[in-house]
Amino acid sequence: MNIVKNYASLVVGTFIIALSFTVLQSPNEIASGGLTGASLVLSSVFNGSPATVLWVTTIALLVICWYFLGGQVIVKSIVGSILLPSFVNLTSGLPSLTNDPLLASIYGGFGVGIGLVFVFQSGGNVGGFTLIAQILHKVKAVKPSTSILFMDGMVMVASGFIFSPEKALYALVGAFVTRKTMDIFQARKEKSEGSKVAYIISSTDYERSITKGVLHGIDIGLTKITGAGGYTDSERVIMMMVLDQAKAEDLRSTVQEIDPHAFIILCEASEVFGEGFTAPPAHQPTHSKKLTSPDPA
């Protein structure tokens, strides 16, 4: 089921990217980086269609990457790499949504950003500059983020010479909107799916019941801390636990059912080390585990 969901997300994402390119960016000569932007510049130089140039460069890149990186890396990229030019070719006959380059750069950048969010959530990519970055990293040890940033910059500079300096500035706006869109959606995803730290402050009378409900009913580990009420000076039990967002509502309802007067405090957890969470990177000790989260084409 997850495989179907991932491929569906990849298809939807690449279609949104292609549609944003063909009805917004391409008609207004907005080359905001990536292989699609490079194809727009090259198609103007060689008097071809962006879809044809994109097909040629995609196939050439896959062949080159097969030589340098091997078949396993290509398999992960080949679906997205083929889908993107296919959808660009499919939507190439659609009319432009606007002749205003500013609107095209903003909404085109937004559309590409949304498409990339779907693509990356699927665990895939759309090839392009990502593959070139992988080759440079293997051959010259260049950081992928550095090489992608450099290539995107070169595309925008080239668009300034081929089209006009003004179009290059619009392309920069589009690239900025794309990046901000991805950052916003990524932040929302991390907030909704990230771990929480929960503190439950209750009377010792309910300690056993709450402990049983949390440990066995919701399947969450907890740590108990003794404390006292500041006003009454009566003994209180404080339970601290780390849980997924999906279990937060179960925790709230379980505790309130047992002790309606209990305090429940939920905080965001940026990093969690310990048993039961995502495996650590190779450089970390094997007894530590780090909760982690998830580059345009």
# chains A, B, ... in the order shown; residues from 1 in each chain; ligands from 1
call {"tool": "residues_around", "arguments": {"residues": "stretch 88-103 of chain A", "least_positions_apart": "6", "cutoff": "9 Å", "atoms": "only C-alpha atoms", "output": "list in words"}}
result
Phe15, Ile17, Ala18, Leu19, Phe21, Thr22, Val23, Leu24, Gln25, Ser26, Pro27, Asn28, Glu29, Ile30, Pro50, Ala51, Thr52, Leu54, Trp55, Lys167, Tyr170, Val173 and Gly174 of chain A
call {"tool": "residues_around", "arguments": {"residues": "A:Phe263", "least_positions_apart": "6", "cutoff": "9 Å", "atoms": "only C-alpha atoms", "output": "number ranges by chain"}}
result
A: 199-202, 256
call {"tool": "select_by_dssp", "arguments": {"residues": "stretch 19-198 of chain A", "states": "alpha helix (DSSP H)", "output": "short mmCIF file (atom, residue, chain, number, x, y, z; two decimals) with N, CA and C atoms, in the first residue's frame"}}
result
data_model
loop_
_atom_site.label_atom_id
_atom_site.label_comp_id
_atom_site.auth_asym_id
_atom_site.auth_seq_id
_atom_site.Cartn_x
_atom_site.Cartn_y
_atom_site.Cartn_z
N LEU A 19 3.19 20.99 -15.27
CA LEU A 19 2.10 21.92 -15.59
C LEU A 19 2.50 23.36 -15.26
N SER A 20 3.15 23.56 -14.13
CA SER A 20 3.61 24.91 -13.76
C SER A 20 4.62 25.43 -14.76
N GLY A 34 17.18 24.37 -12.30
CA GLY A 34 16.80 22.99 -12.56
C GLY A 34 16.94 22.65 -14.03
N LEU A 35 16.69 21.39 -14.33
CA LEU A 35 16.82 20.93 -15.72
C LEU A 35 15.73 21.53 -16.60
N THR A 36 14.55 21.80 -16.03
CA THR A 36 13.48 22.44 -16.81
C THR A 36 13.89 23.84 -17.22
N GLY A 37 14.49 24.58 -16.30
CA GLY A 37 14.98 25.92 -16.63
C GLY A 37 16.09 25.89 -17.66
N ALA A 38 16.99 24.91 -17.51
CA ALA A 38 18.08 24.77 -18.48
C ALA A 38 17.54 24.40 -19.86
N SER A 39 16.50 23.56 -19.90
CA SER A 39 15.90 23.19 -21.19
C SER A 39 15.25 24.39 -21.87
N LEU A 40 14.70 25.30 -21.07
CA LEU A 40 14.10 26.51 -21.63
C LEU A 40 15.15 27.39 -22.29
N VAL A 41 16.30 27.53 -21.63
CA VAL A 41 17.40 28.32 -22.19
C VAL A 41 17.97 27.65 -23.43
N LEU A 42 18.21 26.35 -23.35
CA LEU A 42 18.80 25.62 -24.47
C LEU A 42 17.86 25.57 -25.67
N SER A 43 16.56 25.47 -25.42
CA SER A 43 15.60 25.42 -26.53
C SER A 43 15.60 26.74 -27.30
N SER A 44 15.86 27.84 -26.61
CA SER A 44 15.94 29.14 -27.28
C SER A 44 17.22 29.24 -28.11
N VAL A 45 18.29 28.66 -27.60
CA VAL A 45 19.58 28.70 -28.32
C VAL A 45 19.53 27.83 -29.57
N PHE A 46 18.94 26.64 -29.46
CA PHE A 46 18.95 25.68 -30.57
C PHE A 46 17.64 25.66 -31.36
N PRO A 50 11.08 23.12 -25.63
CA PRO A 50 11.60 22.73 -24.31
C PRO A 50 11.38 21.26 -24.00
N ALA A 51 10.25 20.69 -24.44
CA ALA A 51 9.97 19.28 -24.18
C ALA A 51 11.00 18.38 -24.84
N THR A 52 11.35 18.71 -26.11
CA THR A 52 12.35 17.90 -26.83
C THR A 52 13.71 18.00 -26.18
N VAL A 53 14.10 19.23 -25.83
CA VAL A 53 15.41 19.44 -25.18
C VAL A 53 15.45 18.71 -23.84
N LEU A 54 14.33 18.75 -23.13
CA LEU A 54 14.27 18.09 -21.83
C LEU A 54 14.41 16.57 -21.98
N TRP A 55 13.78 16.01 -23.00
CA TRP A 55 13.91 14.58 -23.26
C TRP A 55 15.36 14.21 -23.56
N VAL A 56 16.01 14.97 -24.45
CA VAL A 56 17.39 14.68 -24.86
C VAL A 56 18.34 14.77 -23.68
N THR A 57 18.23 15.86 -22.91
CA THR A 57 19.14 16.03 -21.78
C THR A 57 18.87 14.99 -20.69
N THR A 58 17.62 14.61 -20.49
CA THR A 58 17.30 13.60 -19.47
C THR A 58 17.91 12.26 -19.82
N ILE A 59 17.73 11.83 -21.07
CA ILE A 59 18.29 10.54 -21.50
C ILE A 59 19.81 10.56 -21.43
N ALA A 60 20.41 11.68 -21.87
CA ALA A 60 21.88 11.80 -21.82
C ALA A 60 22.38 11.72 -20.38
N LEU A 61 21.66 12.39 -19.47
CA LEU A 61 22.06 12.37 -18.06
C LEU A 61 21.96 10.97 -17.46
N LEU A 62 20.89 10.25 -17.80
CA LEU A 62 20.72 8.91 -17.26
C LEU A 62 21.83 7.98 -17.74
N VAL A 63 22.22 8.11 -19.01
CA VAL A 63 23.31 7.29 -19.55
C VAL A 63 24.63 7.61 -18.85
N ILE A 64 24.91 8.92 -18.70
CA ILE A 64 26.16 9.35 -18.05
C ILE A 64 26.19 8.88 -16.60
N CYS A 65 25.05 9.03 -15.90
CA CYS A 65 25.00 8.65 -14.50
C CYS A 65 25.10 7.13 -14.33
N TRP A 66 24.56 6.39 -15.28
CA TRP A 66 24.71 4.93 -15.24
C TRP A 66 26.20 4.55 -15.26
N TYR A 67 26.97 5.28 -16.05
CA TYR A 67 28.40 5.01 -16.17
C TYR A 67 29.14 5.35 -14.87
N PHE A 68 28.82 6.53 -14.29
CA PHE A 68 29.56 7.00 -13.12
C PHE A 68 29.02 6.44 -11.80
N LEU A 69 27.71 6.27 -11.69
CA LEU A 69 27.10 5.94 -10.40
C LEU A 69 26.58 4.51 -10.30
N GLY A 71 23.88 1.21 -11.71
CA GLY A 71 22.47 1.00 -11.96
C GLY A 71 21.57 1.24 -10.77
N GLN A 72 22.04 0.95 -9.54
CA GLN A 72 21.17 1.09 -8.36
C GLN A 72 20.73 2.53 -8.15
N VAL A 73 21.64 3.47 -8.35
CA VAL A 73 21.31 4.89 -8.18
C VAL A 73 20.32 5.33 -9.25
N ILE A 74 20.50 4.85 -10.48
CA ILE A 74 19.62 5.24 -11.59
C ILE A 74 18.21 4.73 -11.38
N VAL A 75 18.08 3.52 -10.85
CA VAL A 75 16.75 2.95 -10.63
C VAL A 75 15.91 3.86 -9.74
N LYS A 76 16.53 4.47 -8.73
CA LYS A 76 15.81 5.35 -7.82
C LYS A 76 15.38 6.65 -8.50
N SER A 77 16.04 7.03 -9.59
CA SER A 77 15.76 8.31 -10.23
C SER A 77 15.05 8.19 -11.56
N ILE A 78 15.02 6.98 -12.14
CA ILE A 78 14.58 6.84 -13.53
C ILE A 78 13.09 7.13 -13.70
N VAL A 79 12.27 6.77 -12.70
CA VAL A 79 10.83 7.00 -12.84
C VAL A 79 10.52 8.49 -12.90
N GLY A 80 11.03 9.25 -11.92
CA GLY A 80 10.81 10.69 -11.92
C GLY A 80 11.45 11.38 -13.10
N SER A 81 12.62 10.90 -13.51
CA SER A 81 13.33 11.50 -14.64
C SER A 81 12.55 11.34 -15.94
N ILE A 82 11.85 10.24 -16.10
CA ILE A 82 11.07 9.99 -17.33
C ILE A 82 9.68 10.64 -17.24
N LEU A 83 9.10 10.63 -16.04
CA LEU A 83 7.77 11.22 -15.89
C LEU A 83 7.77 12.72 -16.20
N LEU A 84 8.79 13.44 -15.74
CA LEU A 84 8.80 14.90 -15.92
C LEU A 84 8.77 15.32 -17.39
N PRO A 85 9.70 14.85 -18.24
CA PRO A 85 9.60 15.23 -19.66
C PRO A 85 8.35 14.70 -20.34
N SER A 86 7.85 13.56 -19.86
CA SER A 86 6.61 13.01 -20.43
C SER A 86 5.44 13.96 -20.18
N PHE A 87 5.34 14.45 -18.96
CA PHE A 87 4.25 15.37 -18.62
C PHE A 87 4.45 16.74 -19.27
N VAL A 88 5.70 17.18 -19.41
CA VAL A 88 5.95 18.44 -20.12
C VAL A 88 5.49 18.32 -21.56
N ASN A 89 5.79 17.18 -22.19
CA ASN A 89 5.35 16.95 -23.57
C ASN A 89 3.82 16.85 -23.65
N LEU A 90 3.20 16.23 -22.65
CA LEU A 90 1.76 16.05 -22.63
C LEU A 90 1.02 17.38 -22.48
N THR A 91 1.58 18.29 -21.68
CA THR A 91 0.90 19.56 -21.41
C THR A 91 1.41 20.71 -22.29
N PRO A 101 5.03 38.40 -16.44
CA PRO A 101 6.16 37.59 -15.96
C PRO A 101 6.27 37.53 -14.44
N LEU A 102 5.82 38.58 -13.75
CA LEU A 102 5.88 38.55 -12.28
C LEU A 102 4.92 37.51 -11.73
N LEU A 103 3.69 37.51 -12.25
CA LEU A 103 2.72 36.50 -11.83
C LEU A 103 3.19 35.10 -12.19
N ALA A 104 3.78 34.98 -13.38
CA ALA A 104 4.28 33.67 -13.82
C ALA A 104 5.40 33.17 -12.92
N SER A 105 6.29 34.08 -12.51
CA SER A 105 7.41 33.67 -11.65
C SER A 105 6.92 33.28 -10.26
N ILE A 106 5.94 34.03 -9.73
CA ILE A 106 5.44 33.74 -8.38
C ILE A 106 4.64 32.44 -8.36
N TYR A 107 3.63 32.37 -9.24
CA TYR A 107 2.77 31.19 -9.21
C TYR A 107 3.46 29.96 -9.82
N GLY A 108 4.35 30.18 -10.77
CA GLY A 108 5.13 29.07 -11.30
C GLY A 108 6.07 28.51 -10.25
N GLY A 109 6.73 29.40 -9.50
CA GLY A 109 7.60 28.96 -8.41
C GLY A 109 6.83 28.23 -7.33
N PHE A 110 5.62 28.73 -7.04
CA PHE A 110 4.78 28.08 -6.04
C PHE A 110 4.37 26.69 -6.50
N GLY A 111 3.97 26.57 -7.77
CA GLY A 111 3.57 25.28 -8.30
C GLY A 111 4.69 24.27 -8.29
N VAL A 112 5.90 24.72 -8.69
CA VAL A 112 7.06 23.82 -8.68
C VAL A 112 7.38 23.38 -7.25
N GLY A 113 7.26 24.32 -6.31
CA GLY A 113 7.52 23.98 -4.91
C GLY A 113 6.56 22.94 -4.39
N ILE A 114 5.26 23.10 -4.72
CA ILE A 114 4.25 22.11 -4.30
C ILE A 114 4.56 20.75 -4.92
N GLY A 115 4.90 20.76 -6.22
CA GLY A 115 5.22 19.51 -6.89
C GLY A 115 6.40 18.80 -6.26
N LEU A 116 7.43 19.57 -5.90
CA LEU A 116 8.62 18.97 -5.30
C LEU A 116 8.31 18.41 -3.91
N VAL A 117 7.40 19.05 -3.20
CA VAL A 117 6.98 18.51 -1.90
C VAL A 117 6.39 17.11 -2.07
N PHE A 118 5.51 16.94 -3.06
CA PHE A 118 4.93 15.62 -3.35
C PHE A 118 6.02 14.62 -3.74
N VAL A 119 6.95 15.08 -4.59
CA VAL A 119 8.01 14.18 -5.07
C VAL A 119 8.88 13.69 -3.93
N PHE A 120 9.31 14.61 -3.07
CA PHE A 120 10.20 14.23 -1.98
C PHE A 120 9.48 13.41 -0.91
N GLN A 121 8.18 13.65 -0.74
CA GLN A 121 7.41 12.83 0.20
C GLN A 121 7.30 11.39 -0.29
N PHE A 129 19.45 18.04 -12.19
CA PHE A 129 20.65 18.53 -11.53
C PHE A 129 21.03 17.68 -10.32
N THR A 130 20.06 16.97 -9.74
CA THR A 130 20.37 16.10 -8.61
C THR A 130 21.35 15.01 -9.02
N LEU A 131 21.17 14.46 -10.22
CA LEU A 131 22.08 13.42 -10.71
C LEU A 131 23.47 13.99 -10.99
N ILE A 132 23.52 15.19 -11.59
CA ILE A 132 24.81 15.82 -11.84
C ILE A 132 25.54 16.07 -10.53
N ALA A 133 24.78 16.52 -9.52
CA ALA A 133 25.38 16.78 -8.21
C ALA A 133 25.95 15.50 -7.60
N GLN A 134 25.27 14.37 -7.81
CA GLN A 134 25.78 13.10 -7.29
C GLN A 134 27.08 12.70 -7.99
N ILE A 135 27.17 12.96 -9.28
CA ILE A 135 28.40 12.65 -10.01
C ILE A 135 29.55 13.50 -9.51
N LEU A 136 29.31 14.81 -9.36
CA LEU A 136 30.35 15.73 -8.89
C LEU A 136 30.79 15.38 -7.47
N HIS A 137 29.83 14.92 -6.67
CA HIS A 137 30.18 14.53 -5.31
C HIS A 137 31.08 13.30 -5.30
N LYS A 138 30.81 12.36 -6.20
CA LYS A 138 31.61 11.14 -6.26
C LYS A 138 32.99 11.39 -6.87
N VAL A 139 33.02 12.20 -7.94
CA VAL A 139 34.27 12.40 -8.68
C VAL A 139 35.15 13.46 -8.03
N LYS A 140 34.53 14.57 -7.60
CA LYS A 140 35.31 15.71 -7.08
C LYS A 140 35.03 16.02 -5.62
N PRO A 144 26.65 18.23 -2.70
CA PRO A 144 25.52 18.32 -3.63
C PRO A 144 24.78 19.66 -3.55
N SER A 145 24.57 20.17 -2.34
CA SER A 145 23.86 21.44 -2.20
C SER A 145 24.61 22.58 -2.86
N THR A 146 25.95 22.55 -2.79
CA THR A 146 26.77 23.59 -3.41
C THR A 146 26.69 23.52 -4.93
N SER A 147 26.81 22.31 -5.48
CA SER A 147 26.79 22.17 -6.94
C SER A 147 25.41 22.50 -7.52
N ILE A 148 24.33 22.11 -6.81
CA ILE A 148 22.98 22.43 -7.30
C ILE A 148 22.75 23.93 -7.26
N LEU A 149 23.18 24.58 -6.19
CA LEU A 149 23.04 26.03 -6.10
C LEU A 149 23.81 26.72 -7.22
N PHE A 150 25.02 26.23 -7.52
CA PHE A 150 25.84 26.81 -8.59
C PHE A 150 25.17 26.61 -9.95
N MET A 151 24.66 25.41 -10.22
CA MET A 151 24.03 25.14 -11.51
C MET A 151 22.74 25.95 -11.69
N ASP A 152 21.95 26.06 -10.63
CA ASP A 152 20.75 26.89 -10.70
C ASP A 152 21.11 28.34 -10.99
N GLY A 153 22.17 28.82 -10.35
CA GLY A 153 22.63 30.19 -10.59
C GLY A 153 23.08 30.39 -12.02
N MET A 154 23.78 29.40 -12.57
CA MET A 154 24.25 29.49 -13.95
C MET A 154 23.08 29.54 -14.93
N VAL A 155 22.02 28.78 -14.65
CA VAL A 155 20.83 28.80 -15.51
C VAL A 155 20.20 30.18 -15.51
N MET A 156 20.08 30.78 -14.33
CA MET A 156 19.47 32.11 -14.25
C MET A 156 20.35 33.18 -14.90
N VAL A 157 21.65 33.07 -14.74
CA VAL A 157 22.57 34.02 -15.41
C VAL A 157 22.48 33.86 -16.92
N ALA A 158 22.43 32.61 -17.38
CA ALA A 158 22.32 32.36 -18.82
C ALA A 158 21.00 32.91 -19.36
N SER A 159 19.93 32.79 -18.57
CA SER A 159 18.64 33.34 -19.02
C SER A 159 18.71 34.85 -19.15
N GLY A 160 19.55 35.49 -18.33
CA GLY A 160 19.73 36.94 -18.44
C GLY A 160 20.38 37.34 -19.74
N PHE A 161 21.29 36.51 -20.25
CA PHE A 161 21.94 36.79 -21.54
C PHE A 161 21.03 36.40 -22.71
N ILE A 162 20.37 35.25 -22.60
CA ILE A 162 19.55 34.75 -23.71
C ILE A 162 18.24 35.52 -23.85
N PRO A 165 18.04 40.65 -18.83
CA PRO A 165 18.36 40.71 -17.39
C PRO A 165 17.11 40.74 -16.52
N GLU A 166 16.04 41.37 -17.03
CA GLU A 166 14.79 41.42 -16.28
C GLU A 166 14.20 40.03 -16.07
N LYS A 167 14.28 39.19 -17.11
CA LYS A 167 13.76 37.83 -16.98
C LYS A 167 14.58 37.02 -15.98
N ALA A 168 15.87 37.32 -15.90
CA ALA A 168 16.71 36.63 -14.91
C ALA A 168 16.29 37.01 -13.49
N LEU A 169 15.92 38.27 -13.30
CA LEU A 169 15.45 38.71 -11.98
C LEU A 169 14.12 38.04 -11.64
N TYR A 170 13.24 37.92 -12.61
CA TYR A 170 11.99 37.21 -12.39
C TYR A 170 12.25 35.73 -12.04
N ALA A 171 13.26 35.15 -12.71
CA ALA A 171 13.61 33.76 -12.43
C ALA A 171 14.09 33.61 -10.99
N LEU A 172 14.83 34.60 -10.51
CA LEU A 172 15.30 34.57 -9.13
C LEU A 172 14.12 34.62 -8.16
N VAL A 173 13.11 35.43 -8.50
CA VAL A 173 11.89 35.48 -7.68
C VAL A 173 11.22 34.11 -7.65
N GLY A 174 11.12 33.48 -8.81
CA GLY A 174 10.52 32.15 -8.89
C GLY A 174 11.26 31.13 -8.05
N ALA A 175 12.60 31.16 -8.11
CA ALA A 175 13.40 30.22 -7.33
C ALA A 175 13.20 30.44 -5.83
N PHE A 176 13.09 31.72 -5.45
CA PHE A 176 12.87 32.04 -4.04
C PHE A 176 11.51 31.51 -3.57
N VAL A 177 10.48 31.72 -4.38
CA VAL A 177 9.14 31.25 -4.02
C VAL A 177 9.12 29.72 -3.91
N THR A 178 9.81 29.05 -4.82
CA THR A 178 9.88 27.59 -4.77
C THR A 178 10.49 27.12 -3.46
N ARG A 179 11.62 27.71 -3.11
CA ARG A 179 12.31 27.30 -1.88
C ARG A 179 11.45 27.59 -0.65
N LYS A 180 10.83 28.77 -0.58
CA LYS A 180 10.01 29.12 0.57
C LYS A 180 8.80 28.20 0.69
N THR A 181 8.21 27.85 -0.46
CA THR A 181 7.06 26.94 -0.44
C THR A 181 7.45 25.59 0.15
N MET A 182 8.59 25.07 -0.28
CA MET A 182 9.06 23.80 0.24
C MET A 182 9.35 23.88 1.73
N ASP A 183 9.98 25.00 2.17
CA ASP A 183 10.30 25.17 3.58
C ASP A 183 9.03 25.20 4.44
N ILE A 184 8.00 25.92 3.95
CA ILE A 184 6.75 26.05 4.72
C ILE A 184 6.07 24.70 4.88
N PHE A 185 5.96 23.96 3.78
CA PHE A 185 5.30 22.67 3.85
C PHE A 185 6.10 21.67 4.66
N GLN A 186 7.43 21.75 4.56
CA GLN A 186 8.27 20.87 5.35
C GLN A 186 8.12 21.17 6.84
N ALA A 187 8.07 22.46 7.18
CA ALA A 187 7.90 22.85 8.58
C ALA A 187 6.56 22.36 9.12
N ARG A 188 5.50 22.46 8.29
CA ARG A 188 4.18 21.98 8.71
C ARG A 188 4.19 20.47 8.90
N LYS A 189 4.88 19.77 8.01
CA LYS A 189 4.95 18.31 8.12
C LYS A 189 5.68 17.90 9.39
N GLU A 190 6.81 18.58 9.68
CA GLU A 190 7.58 18.25 10.87
C GLU A 190 6.78 18.55 12.13
N LYS A 191 5.99 19.66 12.08
CA LYS A 191 5.21 20.02 13.25
C LYS A 191 4.10 19.01 13.50
N SER A 192 3.47 18.54 12.41
CA SER A 192 2.35 17.61 12.56
C SER A 192 2.79 16.19 12.82
N GLU A 193 3.98 15.83 12.33
CA GLU A 193 4.43 14.45 12.46
C GLU A 193 5.55 14.26 13.46
#
call {"tool": "atom_distance", "arguments": {"atom1": "atom CA of A:His261", "atom2": "atom CA of A:Tyr206"}}
result
10.6 Å
call {"tool": "closest_residue", "arguments": {"among": "A:Ala8, A:Val197, A:Val237, A:Ala269", "to": "A:Thr211", "atoms": "only C-alpha atoms"}}
result
A:Val237
call {"tool": "residues_around", "arguments": {"residues": "A:Met240", "least_positions_apart": "5", "cutoff": "6 Å", "atoms": "only C-alpha atoms", "output": "ChimeraX atom specification"}}
result
/A:198-199,222-223
call {"tool": "closest_residue", "arguments": {"among": "A:Ser195, A:Thr232, A:Gln245, A:Thr226", "to": "A:Glu207", "atoms": "only C-alpha atoms"}}
result
A:Thr226
call {"tool": "residues_around", "arguments": {"residues": "A:Ser253", "least_positions_apart": "4", "cutoff": "12 Å", "atoms": "only C-alpha atoms", "output": "list in words"}}
result
Ile210, Gly213, Val214, Gly217, Ile218, Lys247, Ala248, Glu249, Glu257, Ile258, Asp259, Pro260, Ala262 and Ile264 of chain A
call {"tool": "atom_distance", "arguments": {"atom1": "atom CA of A:Val4", "atom2": "atom CA of A:Ser122"}}
result
9.7 Å
call {"tool": "atom_distance", "arguments": {"atom1": "atom CA of A:Thr254", "atom2": "atom CA of A:Arg208"}}
result
13.0 Å
call {"tool": "select_by_dssp", "arguments": {"residues": "stretch 71-279 of chain A", "states": "strand (DSSP E or B)", "output": "MDAnalysis selection string"}}
result
chainID A and resid 195:203 223:228 235:244 263:269 273
